[in-house]
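Reproduced below: data15.txt, with compact mmCIF, C-alpha atoms.
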```
# COMPACT_ATOMS: atom_id res chain seq x y z
CA MET A 40 14.64 23.05 -8.23
CA LEU A 41 12.95 21.44 -5.23
CA TRP A 42 14.20 18.22 -3.66
CA ARG A 43 13.00 16.05 -0.80
CA VAL A 44 16.08 14.48 0.75
CA ARG A 45 16.86 12.35 3.81
CA THR A 46 20.17 11.92 5.53
CA THR A 47 21.44 10.50 8.82
CA LEU A 48 23.56 12.65 11.10
CA PRO A 49 25.43 11.72 14.30
CA ASP A 50 23.42 12.56 17.42
CA ARG A 51 25.69 15.23 18.83
CA PRO A 52 25.40 18.99 19.24
CA GLY A 53 26.18 21.15 16.23
CA THR A 54 25.80 18.60 13.43
CA LEU A 55 22.60 20.16 12.07
CA ALA A 56 24.19 23.62 12.26
CA VAL A 57 27.11 22.40 10.15
CA LEU A 58 24.68 20.98 7.59
CA ALA A 59 22.75 24.27 7.42
CA GLN A 60 25.98 26.26 7.06
CA GLU A 61 27.24 24.09 4.20
CA CYS A 62 23.88 24.34 2.41
CA GLY A 63 23.87 28.11 2.78
CA ALA A 64 27.40 28.42 1.43
CA ALA A 65 26.40 26.39 -1.64
CA GLY A 66 23.27 28.44 -2.30
CA VAL A 67 20.95 25.61 -1.23
CA ASN A 68 17.91 26.90 0.66
CA ILE A 69 16.36 24.66 3.33
CA LEU A 70 12.59 25.22 3.15
CA ALA A 71 11.36 22.49 5.49
CA LEU A 72 12.87 20.16 8.07
CA GLN A 73 11.52 17.09 9.86
CA VAL A 74 13.61 15.32 12.49
CA PHE A 75 13.31 11.62 13.37
CA PRO A 76 15.34 10.93 16.53
CA GLY A 77 17.26 7.70 17.02
CA VAL A 78 19.51 6.10 19.62
CA GLU A 79 22.91 7.11 18.25
CA ALA A 80 21.93 8.97 15.08
CA VAL A 81 19.20 11.27 13.83
CA THR A 82 17.42 11.05 10.49
CA ASP A 83 16.63 14.44 8.99
CA GLU A 84 14.21 14.96 6.10
CA LEU A 85 14.67 18.23 4.30
CA VAL A 86 12.91 19.97 1.46
CA VAL A 87 15.51 22.13 -0.26
CA ARG A 88 15.72 24.44 -3.24
CA THR A 89 18.96 24.08 -5.17
CA PRO A 90 20.46 26.34 -7.82
CA GLU A 91 19.23 25.63 -11.35
CA GLY A 92 20.85 22.62 -12.96
CA TRP A 93 21.84 20.80 -9.77
CA THR A 94 21.76 17.00 -9.87
CA LEU A 95 21.07 14.50 -7.12
CA GLU A 96 24.75 13.55 -7.18
CA GLN A 97 25.72 17.15 -6.38
CA LEU A 98 23.19 17.38 -3.58
CA THR A 99 24.30 14.03 -2.17
CA GLY A 100 27.92 15.15 -2.24
CA LEU A 101 27.02 18.37 -0.40
CA LEU A 102 25.20 16.53 2.39
CA GLU A 103 27.86 13.86 2.73
CA GLY A 104 30.51 16.58 2.91
CA ALA A 105 28.54 18.09 5.81
CA GLY A 106 28.67 14.79 7.70
CA GLY A 107 25.50 13.12 6.43
CA THR A 108 25.26 9.44 5.52
CA ASP A 109 22.64 7.25 3.82
CA VAL A 110 21.50 10.13 1.64
CA VAL A 111 18.34 9.45 -0.39
CA GLY A 112 16.68 12.15 -2.45
CA THR A 113 14.09 12.73 -5.12
CA PRO A 114 12.73 15.76 -6.98
CA CYS A 115 9.46 17.07 -5.52
CA THR A 116 6.92 19.84 -5.87
CA GLU A 117 5.67 22.49 -3.47
CA ALA A 118 3.20 19.90 -2.16
CA ALA A 119 6.12 18.58 -0.09
CA LEU A 120 5.97 21.81 1.94
CA VAL A 121 2.59 20.94 3.47
CA ASP A 122 2.86 20.87 7.27
CA GLN A 123 3.55 17.26 8.34
CA PRO A 124 1.17 17.15 11.34
CA ALA A 125 -1.52 18.49 9.02
CA ARG A 126 -0.83 15.64 6.56
CA TYR A 127 -1.36 13.06 9.32
CA VAL A 128 -4.58 14.70 10.46
CA GLN A 129 -5.86 14.73 6.88
CA ALA A 130 -4.89 11.07 6.47
CA ALA A 131 -6.68 10.12 9.69
CA ARG A 132 -9.82 11.94 8.58
CA ALA A 133 -9.67 10.15 5.21
CA VAL A 134 -9.50 6.65 6.70
CA ILE A 135 -12.17 7.41 9.30
CA ALA A 136 -14.51 8.54 6.52
CA ARG A 137 -13.64 5.58 4.31
CA PRO A 138 -11.48 2.83 5.89
CA SER A 139 -11.24 1.01 2.55
CA ARG A 140 -8.88 3.79 1.39
CA PHE A 141 -6.27 2.82 3.99
CA PRO A 142 -3.71 1.22 1.58
CA GLU A 143 -3.93 4.18 -0.79
CA VAL A 144 -3.78 6.78 1.99
CA VAL A 145 -0.75 5.32 3.78
CA ALA A 146 1.09 4.88 0.48
CA GLN A 147 0.71 8.60 -0.17
CA LEU A 148 1.41 9.54 3.43
CA PHE A 149 4.72 7.67 3.56
CA ASP A 150 5.77 8.47 -0.01
CA ALA A 151 5.70 4.92 -1.38
CA GLU A 152 7.74 4.63 -4.55
CA PRO A 153 7.64 2.47 -7.65
CA GLY A 154 10.29 -0.17 -8.12
CA ASP A 155 11.22 -3.78 -7.65
CA ALA A 156 9.18 -5.45 -4.91
CA THR A 157 12.42 -6.92 -3.48
CA THR A 158 14.36 -3.66 -3.08
CA GLY A 159 14.14 -0.72 -0.72
CA ASP A 160 12.74 -0.64 2.80
CA VAL A 161 9.33 -2.00 3.82
CA MET A 162 6.86 -0.90 6.46
CA GLU A 163 4.14 -3.37 7.38
CA MET A 164 0.84 -2.55 9.08
CA THR A 165 -1.86 -5.00 10.11
CA VAL A 166 -5.64 -4.58 9.80
CA GLY A 167 -7.49 -7.69 10.94
CA ASP A 168 -5.81 -10.61 9.16
CA VAL A 169 -4.56 -8.41 6.33
CA GLN A 170 -1.03 -7.03 6.22
CA VAL A 171 -0.56 -3.79 4.31
CA GLN A 172 2.96 -3.04 3.09
CA VAL A 173 4.45 0.12 1.63
CA ARG A 174 7.94 0.30 0.15
CA ARG A 175 10.39 3.06 -0.66
CA ARG A 176 14.12 3.64 -1.08
CA ALA A 177 14.54 5.69 2.10
CA ALA A 178 14.52 3.63 5.29
CA PHE A 179 11.48 3.99 7.52
CA THR A 180 12.27 5.38 10.94
CA ALA A 181 11.01 4.01 14.25
CA THR A 182 8.78 7.09 14.49
CA GLU A 183 7.18 6.31 11.13
CA HIS A 184 6.65 2.66 12.07
CA ALA A 185 4.82 3.82 15.21
CA ARG A 186 2.70 6.24 13.18
CA GLY A 187 1.83 3.54 10.65
CA ALA A 188 0.80 1.12 13.41
CA ALA A 189 -1.37 3.82 14.96
CA MET A 190 -3.08 4.45 11.62
CA ALA A 191 -3.74 0.71 11.19
CA ASP A 192 -5.19 0.51 14.72
CA LEU A 193 -7.47 3.42 13.85
CA VAL A 194 -8.79 1.56 10.79
CA SER A 195 -9.31 -1.62 12.82
CA ASP A 196 -11.28 0.34 15.45
CA VAL A 197 -13.47 1.98 12.81
CA LEU A 198 -14.20 -1.36 11.13
CA ALA A 199 -15.01 -2.99 14.47
CA ARG A 200 -17.46 -0.24 15.37
CA THR A 201 -19.05 -0.03 11.92
CA PRO A 202 -19.21 -3.56 10.45
CA THR A 203 -21.38 -2.45 7.54
CA VAL A 204 -18.51 -0.36 6.19
CA LEU A 205 -17.27 -3.48 4.44
CA GLY A 206 -20.39 -3.50 2.34
CA SER A 207 -20.11 -7.22 1.65
CA SER A 208 -23.82 -7.89 1.87
CA ALA A 209 -25.41 -4.66 2.98
CA ARG A 210 -27.29 -4.09 -0.27
CA ARG A 211 -30.05 -6.25 -1.64
CA MET A 212 -29.83 -7.74 -5.09
CA GLY A 213 -31.74 -5.81 -7.72
CA GLY A 214 -35.27 -7.14 -8.00
CA GLY A 215 -34.52 -9.73 -5.31
CA ALA A 216 -32.37 -11.75 -7.73
CA THR A 217 -29.84 -14.13 -6.21
CA PRO A 218 -26.60 -14.96 -8.05
CA THR A 219 -25.50 -18.50 -8.67
CA PHE A 220 -21.84 -19.49 -8.69
CA GLU A 221 -20.34 -22.22 -10.84
CA VAL A 222 -16.90 -23.48 -11.76
CA VAL A 223 -16.01 -23.57 -15.44
CA GLY A 224 -12.52 -24.98 -15.87
CA ARG A 225 -10.20 -22.66 -13.92
CA THR A 226 -12.86 -19.94 -13.67
CA VAL A 227 -15.60 -19.19 -11.13
CA GLN A 228 -18.59 -17.34 -12.59
CA ALA A 229 -21.38 -15.44 -10.86
CA THR A 230 -24.58 -15.48 -12.88
CA VAL A 231 -27.87 -13.65 -12.35
CA GLN A 232 -30.83 -14.77 -14.48
CA GLY A 233 -28.52 -16.15 -17.15
CA VAL A 234 -26.22 -13.11 -17.27
CA VAL A 235 -22.62 -13.33 -16.04
CA VAL A 236 -22.07 -10.49 -13.57
CA GLY A 237 -18.72 -11.55 -12.11
CA VAL A 238 -15.75 -13.72 -13.03
CA ALA A 239 -12.64 -14.90 -11.20
CA THR A 240 -10.00 -16.77 -13.21
CA LEU A 241 -6.99 -18.70 -11.98
CA ARG A 242 -4.13 -18.20 -14.42
CA PRO A 243 -1.10 -20.47 -14.83
CA ALA A 244 1.97 -19.54 -12.81
CA GLU A 245 4.36 -17.23 -14.62
CA PRO A 246 7.63 -18.96 -15.65
CA SER A 247 9.68 -16.34 -13.81
CA ALA A 248 7.51 -16.33 -10.68
CA GLU A 249 7.89 -18.33 -7.50
CA PRO A 250 6.73 -21.96 -7.76
CA GLY A 251 3.10 -22.29 -6.69
CA LEU A 252 2.29 -18.58 -7.10
CA HIS A 253 -0.68 -18.16 -9.45
CA PRO A 254 -2.07 -14.83 -10.72
CA VAL A 255 -5.82 -14.32 -10.41
CA ASP A 256 -8.09 -12.05 -12.46
CA LEU A 257 -11.26 -10.91 -10.69
CA GLU A 258 -13.92 -8.64 -12.12
CA VAL A 259 -17.48 -7.76 -11.12
CA ASP A 260 -19.87 -5.79 -13.29
CA PRO A 261 -19.99 -2.23 -11.88
CA SER A 262 -23.76 -2.37 -11.42
CA TRP A 263 -23.38 -5.47 -9.24
CA GLN A 264 -20.48 -4.36 -7.07
CA ARG A 265 -20.65 -4.01 -3.28
CA ARG A 266 -23.19 -6.83 -3.03
CA GLY A 267 -20.94 -9.64 -1.81
CA ILE A 268 -20.27 -11.11 -5.26
CA GLY A 269 -16.58 -10.21 -5.32
CA THR A 270 -16.14 -11.61 -1.81
CA ARG A 271 -17.67 -14.95 -2.81
CA LEU A 272 -15.65 -15.07 -6.04
CA LEU A 273 -12.41 -14.44 -4.17
CA SER A 274 -13.21 -17.09 -1.58
CA ASP A 275 -14.14 -19.66 -4.25
CA ILE A 276 -11.16 -18.96 -6.51
CA ALA A 277 -8.83 -19.28 -3.51
CA ARG A 278 -10.27 -22.70 -2.70
CA LEU A 279 -10.17 -23.67 -6.38
CA ALA A 280 -6.49 -22.72 -6.44
CA ALA A 281 -5.86 -24.85 -3.37
CA GLY A 282 -7.39 -27.81 -5.18
CA GLU A 283 -5.09 -27.14 -8.14
CA GLY A 284 -2.04 -27.37 -5.89
CA ALA A 285 -1.30 -23.64 -5.73
CA GLN A 286 0.57 -22.25 -2.73
CA ASP A 287 -0.50 -18.62 -3.09
CA ILE A 288 -2.64 -16.48 -5.38
CA LEU A 289 -1.82 -12.94 -6.49
CA LEU A 290 -4.17 -10.14 -7.51
CA SER A 291 -2.91 -6.91 -9.07
CA THR A 292 -4.88 -3.72 -9.51
CA ARG A 293 -4.52 0.05 -9.41
CA ALA A 294 -3.48 1.68 -6.15
CA ASP A 295 -6.73 3.61 -5.68
CA ASN A 296 -8.96 0.52 -5.88
CA GLN A 297 -10.86 0.92 -2.63
CA ALA A 298 -12.61 -2.45 -2.92
CA VAL A 299 -9.52 -4.53 -2.17
CA LEU A 300 -9.16 -4.20 1.62
CA PRO A 301 -12.88 -4.81 2.33
CA LEU A 302 -12.85 -7.68 -0.19
CA VAL A 303 -10.06 -9.59 1.54
CA LEU A 304 -11.37 -8.86 5.04
CA ALA A 305 -14.93 -9.90 4.19
CA ALA A 306 -13.71 -13.14 2.56
CA GLY A 307 -12.06 -14.11 5.85
CA LEU A 308 -8.71 -14.71 4.16
CA ARG A 309 -5.24 -13.85 5.33
CA GLY A 310 -3.52 -11.60 2.85
CA ARG A 311 -0.65 -9.21 2.26
CA ILE A 312 -1.38 -5.99 0.38
CA ARG A 313 1.63 -4.31 -1.14
CA MET A 314 1.60 -0.73 -2.33
CA SER A 315 4.14 0.61 -4.80
CA ALA A 316 3.24 3.99 -6.30
CA ASP A 317 0.20 3.36 -8.54
CA VAL A 318 0.15 -0.46 -8.26
CA LEU A 319 -1.49 -2.57 -5.56
CA THR A 320 -0.92 -6.32 -5.26
CA VAL A 321 -2.59 -8.78 -2.91
CA ARG A 322 -0.94 -12.09 -2.07
CA ILE A 323 -3.11 -14.70 -0.34
CA PRO A 324 -1.83 -18.08 0.91
CA VAL A 325 -4.23 -20.86 -0.12
CA ARG A 326 -2.35 -24.08 0.62
CA GLU A 327 -4.23 -24.65 3.91
CA LEU A 328 -7.71 -23.96 2.50
CA ARG A 329 -10.24 -26.68 1.86
CA PRO A 330 -10.43 -27.28 -1.93
CA LEU A 331 -13.58 -26.12 -3.72
CA PRO A 332 -15.78 -29.12 -4.62
CA ARG A 333 -16.47 -29.58 -8.31
CA ALA A 334 -19.76 -30.70 -9.79
```

Whole structure, structure tokens version:
Amino acid sequence: MLWRVRTTLPDRPGTLAVLAQECGAAGVNILALQVFPGVEAVTDELVVRTPEGWTLEQLTGLLEGAGGTDVVGTPCTEAALVDQPARYVQAARAVIARPSRFPEVVAQLFDAEPGDATTGDVMEMTVGDVQVQVRRRAAFTATEHARGAAMADLVSDVLARTPTVLGSSARRMGGGATPTFEVVGRTVQATVQGVVVGVATLRPAEPSAEPGLHPVDLEVDPSWQRRGIGTRLLSDIARLAAGEGAQDILLSTRADNQAVLPLVLAAGLRGRIRMSADVLTVRIPVRELRPLPRA
């Protein structure tokens, strides 16, 4: 069985040799190794093949017996054996080709995991006024923080050089039609020639959520996407929420939704995008926004 496992070893000669010797004696084959240096300790990420039937507890015990601490492991596939520098090159090429994929790409690159949004370690990267966060059980090293910041800088450079990549208003409305936007209760609607093509709805705060945090549903008809409608809906629903006394709004969608980063950037809003496996959430503070006027 294949495992991806991280452990911290003292930064002194021979510690890695001891770990390799103990693994060999137990029949555990080290297939890949990545070293993240530190000041007084070194974090090692290994991909290992254990004898059939081994559990994470057994593997953890083996590594701790060899001097490792802070052991975190998870089952993996042979995809974990892909050369790490190659993974970063592929990720860079992906975000250059399509910067809107940045949250999805970095989540995969740094092995973001599902789980409670308040547990595990967090790495935060900034693109414009948007903070992108990924979370996992294993602590992020200083090397990984530097790599994440470099990836975010790359996206910012690409967006600055190619403003149209946001696609907020690059395409003309079909037949020259212009949408109208109106507030109906706690909903903002986009209508074209009497047909609703986009809706943003401010939902009541969940009883178990933080006070002032309101979920938002936002949907644009597929045939009318990438025409600035979602951007306007997000901006208007944020201001509507401010008028309702909300502190923050929260959008949730699938992790591969490439419209989210351009949407928040084009709306000119500060936001925090969190990635956790296949779920993406966007939290936007609205308390300082000017409320949306009502008719």

*Do you have the atom CA of Asp83 of chain A-atom CA of Glu163 of chain A distance handy?*
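Rounded to one decimal, the two atoms are 21.8 Å apart.
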
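Note that the spacing between atom CA of Cys62 of chain A and atom CA of Gly106 of chain A amounts to 11.9 Å.
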
_Straight-line distance linking atom CA of Thr89 of chain A with atom CA of Gly63 of chain A, stated in Å to one decimal_ = 10.2 Å

*Using all atoms listed in the file, pick whichever of A:Gly107, A:Leu289, A:Thr47, A:Pro114 has the shortest atom-to-atom distance to Arg311 of chain A.*
A:Leu289

_Using only C-alpha atoms, which protein or nucleic acid residues come within 9 Å of segment 65-67 of chain A? Drop anything in the same chain fewer than 3 positions from it, and give the result as number ranges by chain._
A: 59-62, 87-90, 98, 101

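Remark: for Ser195 of chain A, the closest of the candidate residues A:Arg126, A:Arg137, A:Arg293, A:Arg242 is A:Arg137 (distances computed over all atoms listed in the file).
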
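For the set A:Leu193, A:Ala239, A:Leu95, A:Leu85, the residue with the smallest atom-to-atom gap to Met164 of chain A is A:Leu193, counting all atoms listed in the file.
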
*Choose the residue, out of A:Trp42, A:Phe179, A:Phe149, A:Tyr127, that has the smallest atom-to-atom separation from Thr113 of chain A; count only C-alpha atoms.*
A:Trp42
